[in-house]
$ cat data_5.txt   # compact mmCIF, C-alpha atoms
# COMPACT_ATOMS: atom_id res chain seq x y z
CA MET A 184 320.36 32.17 -8.10
CA ASN A 185 317.81 34.95 -8.23
CA ILE A 186 315.03 35.46 -5.71
CA SER A 187 312.16 34.44 -7.98
CA SER A 188 313.84 31.09 -8.71
CA MET A 189 314.42 30.45 -5.03
CA LEU A 190 310.85 31.42 -4.09
CA LEU A 191 309.50 29.10 -6.77
CA LYS A 192 311.46 26.21 -5.27
CA VAL A 193 310.23 27.03 -1.76
CA VAL A 194 306.62 27.15 -3.02
CA VAL A 195 306.87 23.75 -4.72
CA ILE A 196 308.51 22.14 -1.68
CA ALA A 197 305.98 23.68 0.73
CA HIS A 198 303.01 22.47 -1.32
CA PHE A 199 304.64 19.04 -1.63
CA PHE A 200 304.86 18.60 2.14
CA LEU A 201 301.43 20.07 2.83
CA THR A 202 299.82 17.82 0.21
CA THR A 203 301.64 14.78 1.57
CA TRP A 204 300.52 15.55 5.10
CA ALA A 205 296.94 16.31 3.97
CA CYS A 206 296.78 12.88 2.33
CA THR A 207 297.89 10.95 5.44
CA GLU A 208 294.24 10.23 6.23
CA SER A 209 291.95 9.16 3.44
CA PHE A 210 288.97 11.41 4.13
CA LEU A 211 289.60 13.40 0.92
CA PRO A 212 289.01 11.76 -2.48
CA THR A 213 291.85 10.90 -4.83
CA SER A 214 291.00 13.89 -7.01
CA TYR A 215 292.49 16.11 -4.26
CA MET A 216 295.74 14.21 -4.50
CA TYR A 217 295.77 14.21 -8.32
CA MET A 218 295.13 17.94 -8.55
CA ASN A 219 297.91 18.77 -6.11
CA ILE A 220 300.35 16.33 -7.73
CA GLY A 221 299.63 18.04 -11.04
CA LEU A 222 300.40 21.39 -9.42
CA MET A 223 303.73 20.08 -8.14
CA LEU A 224 304.57 18.78 -11.62
CA PHE A 225 303.85 22.19 -13.16
CA GLY A 226 306.00 23.79 -10.46
CA THR A 227 308.83 21.39 -11.18
CA VAL A 228 308.63 22.17 -14.90
CA CYS A 229 308.75 25.90 -14.04
CA ILE A 230 311.98 25.27 -12.14
CA VAL A 231 313.49 23.17 -14.93
CA PHE A 232 312.68 25.76 -17.64
CA PRO A 233 313.55 29.09 -15.98
CA GLU A 234 312.85 31.26 -19.05
CA SER A 235 309.40 29.94 -19.98
CA THR A 236 306.46 32.24 -19.31
CA ASP A 237 303.87 29.83 -20.69
CA ILE A 238 304.38 27.15 -18.06
CA VAL A 239 304.23 29.75 -15.27
CA LEU A 240 300.91 30.97 -16.64
CA VAL A 241 299.58 27.39 -16.83
CA TYR A 242 300.81 26.80 -13.26
CA LEU A 243 299.07 29.98 -12.08
CA ILE A 244 295.76 29.14 -13.76
CA THR A 245 295.86 25.56 -12.48
CA LEU A 246 296.63 26.84 -8.98
CA LEU A 247 293.60 29.13 -9.07
CA LEU A 248 291.41 26.25 -10.26
CA SER A 249 292.79 24.06 -7.48
CA VAL A 250 291.62 26.61 -4.91
CA ILE A 251 288.06 26.14 -6.14
CA ASN A 252 288.55 22.37 -6.23
CA ASP A 253 289.90 22.29 -2.65
CA ILE A 254 287.02 24.39 -1.32
CA ILE A 255 284.44 22.14 -2.96
CA LEU A 256 286.10 18.92 -1.79
CA LEU A 257 286.53 20.14 1.78
CA ALA A 258 282.93 21.36 1.89
CA ILE A 259 281.60 18.02 0.63
CA TYR A 260 283.82 15.51 2.42
CA GLN A 261 284.77 17.17 5.71
CA PRO A 262 281.31 16.96 7.40
CA HIS A 263 281.05 13.24 6.67
CA ALA A 264 284.63 12.63 7.80
CA ASN A 265 284.02 14.66 10.96
CA ALA A 266 281.02 12.50 11.83
CA THR A 267 283.05 9.35 11.14
CA TRP A 268 286.39 10.19 12.76
CA GLU A 269 285.24 12.31 15.70
CA GLY A 270 282.88 9.63 16.99
CA THR A 271 283.45 8.40 20.50
CA ASP A 272 284.12 4.84 19.36
CA GLN A 273 287.19 5.85 17.30
CA PRO A 274 290.67 5.45 18.81
CA TYR A 275 292.26 8.69 19.90
CA ASP A 276 295.26 8.35 17.56
CA LEU A 277 292.98 8.02 14.51
CA ARG A 278 291.14 11.17 15.51
CA ASN A 279 294.44 13.01 15.83
CA THR A 280 295.56 11.76 12.42
CA TYR A 281 292.30 12.99 10.90
CA ARG A 282 292.67 16.39 12.61
CA PHE A 283 296.26 16.73 11.43
CA SER A 284 295.31 15.81 7.86
CA LEU A 285 292.40 18.26 7.89
CA GLY A 286 294.61 21.01 9.30
CA MET A 287 297.27 20.50 6.64
CA SER A 288 294.69 20.56 3.84
CA ILE A 289 293.32 23.85 5.22
CA VAL A 290 296.81 25.36 5.54
CA ASN A 291 297.57 24.23 1.99
CA LEU A 292 294.39 25.95 0.82
CA MET A 293 295.19 29.12 2.77
CA ILE A 294 298.68 29.61 1.31
CA LYS A 295 297.54 29.12 -2.30
CA PRO A 296 296.54 32.81 -2.75
CA VAL A 297 300.01 33.84 -1.54
CA THR A 298 301.47 31.32 -3.96
CA ALA A 299 299.37 32.86 -6.74
CA LEU A 300 300.85 36.31 -5.99
CA ILE A 301 304.36 34.86 -6.07
CA LEU A 302 303.64 33.09 -9.36
CA TYR A 303 302.28 36.30 -10.83
CA ARG A 304 305.52 38.11 -9.91
CA VAL A 305 307.58 35.26 -11.39
CA TYR A 306 305.48 35.49 -14.55
CA LYS A 307 306.07 39.24 -14.79
CA ASP A 308 309.80 38.86 -14.07
CA ARG A 309 310.13 36.32 -16.86
CA GLY A 310 308.62 38.83 -19.28
CA GLY A 311 304.99 37.73 -19.32
CA GLU A 312 302.29 40.29 -19.96
CA PHE A 313 298.58 40.20 -19.32
CA GLY A 314 296.19 42.43 -21.25
CA GLY A 315 296.31 45.00 -18.48
CA ASN A 316 298.93 45.92 -15.95
CA ILE A 317 298.06 44.57 -12.52
CA THR A 318 300.12 46.19 -9.79
CA ILE A 319 300.13 45.34 -6.13
CA PRO A 320 301.73 48.25 -4.23
CA ALA A 321 302.58 46.36 -1.06
CA PHE A 322 304.06 43.40 -2.96
CA PRO A 323 307.57 44.33 -4.12
CA SER A 324 309.02 43.25 -7.42
CA PHE A 325 312.01 40.96 -7.52
CA GLY A 326 314.25 39.59 -10.19
CA LYS A 327 314.71 41.51 -13.43
CA LYS A 328 313.45 45.07 -13.37
CA ARG A 329 312.18 46.68 -16.54
CA GLU A 330 313.42 50.24 -16.27
CA THR A 331 314.92 52.79 -18.60
CA TYR A 332 318.61 52.73 -19.41
CA GLU A 333 320.89 54.36 -16.88
CA ASN A 334 324.34 55.47 -18.03
CA ILE A 335 326.77 54.07 -15.46
CA ASP A 336 330.10 55.25 -16.89
CA GLY A 337 329.62 58.75 -15.48
CA THR A 338 329.84 60.62 -18.77
CA SER A 339 326.77 62.65 -19.36
CA GLN A 340 326.30 64.91 -22.30
CA SER A 341 325.29 68.40 -21.38
CA LYS A 342 323.97 71.06 -23.74
CA ASP A 343 326.82 73.37 -22.68
CA VAL A 344 329.57 70.97 -23.79
CA GLU A 345 331.27 71.81 -27.06
CA THR A 346 331.81 68.86 -29.36
CA ALA A 347 334.49 68.50 -32.00
CA SER A 348 333.62 69.01 -35.64
CA PRO A 349 334.45 66.40 -38.30
CA HIS A 350 338.09 66.14 -39.30
CA HIS A 351 339.07 67.62 -42.69
CA ASN A 352 342.07 66.23 -44.52
CA ILE A 353 344.37 69.07 -45.65
CA ASP A 354 346.10 66.96 -48.30
CA HIS A 355 342.89 66.40 -50.20
CA GLU A 356 342.10 70.11 -50.25
CA GLY A 357 345.41 70.91 -51.92
CA GLU A 358 344.82 68.39 -54.72
CA ASN A 359 341.77 70.26 -55.92
CA ASN A 360 343.74 73.52 -56.47
CA PRO A 361 346.43 73.05 -59.13
CA SER A 362 349.20 75.55 -58.64
$ encode --input "data_5.txt" --output "structure tokens"
Amino acid sequence: MNISSMLLKVVVIAHFFLTTWACTESFLPTSYMYMNIGLMLFGTVCIVFPESTDIVLVYLITLLLSVINDIILLAIYQPHANATWEGTDQPYDLRNTYRFSLGMSIVNLMIKPVTALILYRVYKDRGGEFGGNITIPAFPSFGKKRETYENIDGTSQSKDVETASPHHNIDHEGENNPS
């Protein structure tokens, strides 16, 4: 198992747990859950089809759109939920459940850019190409490396090495000269 395949599995599992924990309290709308379930489905398809670059690109684009979706949903629904759940008349365990759910949704949002970098590397390792070459110096490449051929058998041809000339058959030369 190569590193990009293992990282892809870790990413899908991490987002699965964070989404599950973020949905323990119902302060976020169902569109949050649907978007993140869709992401997990794309991630699962990426794992099932390890050579496909198209599904990784769709997963990456959907992940970037989900970042915008999460920011909008948290900005709209968190203030109302805070006023509802942090009131003094709410039981303490419900407030803690709300705080845990909010924290997990924020952590899920915060690791999505890191996930996007990992998906980009998986996309490149599977042979995908964007119009330009985006390089991130501090983010190492893993998986298949696209480098020039390196001769590993140890024989290198030097300009000083004499090579043999083509073989001439002596019998055929004698047939041309009748004696």
$ residues_near_point --input "data_5.txt" --point "(286.1, 15.0, 4.0)" --cutoff "12 Å" --atoms "only C-alpha atoms" --output "number ranges by chain"
A: 205-206, 208-213, 215, 253-268, 281-282, 284-286, 288-289
$ closest_residue --input "data_5.txt" --among "A:Ser249, A:Glu312, A:Cys229, A:Tyr275" --to "Leu190 in chain A" --atoms "only C-alpha atoms"
A:Cys229
$ residues_around --input "data_5.txt" --residues "His198 in chain A" --least-positions-apart "4" --cutoff "8 Å" --atoms "only C-alpha atoms" --output "NGL selection string"
:A and (194 or 202 or 219 or 223 or 291)
$ closest_residue --input "data_5.txt" --among "A:Thr280, A:Ser187, A:Thr298, A:Ser214" --to "Leu243 in chain A" --atoms "all atoms listed in the file"
A:Thr298
$ atom_distance --input "data_5.txt" --atom1 "CA of Phe200 in chain A" --atom2 "CA of Gly270 in chain A"
28.0 Å
$ residues_around --input "data_5.txt" --residues "Ile238 in chain A" --least-positions-apart "6" --cutoff "9 Å" --atoms "only C-alpha atoms" --output "JSON, numbers by chain"
{"A": [225, 226, 228, 229, 232]}
$ write_last_selection --input "data_5.txt" --atoms "C-alpha atoms" --output "PDB file, keeping the file's coordinate frame"
ATOM      1  CA  PHE A 225     303.850  22.190 -13.160  1.00  0.00           C
ATOM      2  CA  GLY A 226     306.000  23.790 -10.460  1.00  0.00           C
ATOM      3  CA  VAL A 228     308.630  22.170 -14.900  1.00  0.00           C
ATOM      4  CA  CYS A 229     308.750  25.900 -14.040  1.00  0.00           C
ATOM      5  CA  PHE A 232     312.680  25.760 -17.640  1.00  0.00           C
TER       6      PHE A 232
END
$ atom_distance --input "data_5.txt" --atom1 "CA of Tyr303 in chain A" --atom2 "CA of Thr203 in chain A"
24.8 Å
$ atom_distance --input "data_5.txt" --atom1 "CA of Val250 in chain A" --atom2 "CA of Leu224 in chain A"
16.6 Å
$ axis_aligned_box --input "data_5.txt" --around "range 287-294 of chain A" --padding-each-side "8 Å" --output "lines of an AutoDock Vina configuration file"
center_x = 296.0
center_y = 25.1
center_z = 3.7
size_x = 21.4
size_y = 25.1
size_z = 21.8
$ closest_residue --input "data_5.txt" --among "A:Gly311, A:Met216, A:Asn279, A:Leu292" --to "Ala197 in chain A" --atoms "all atoms listed in the file"
A:Leu292
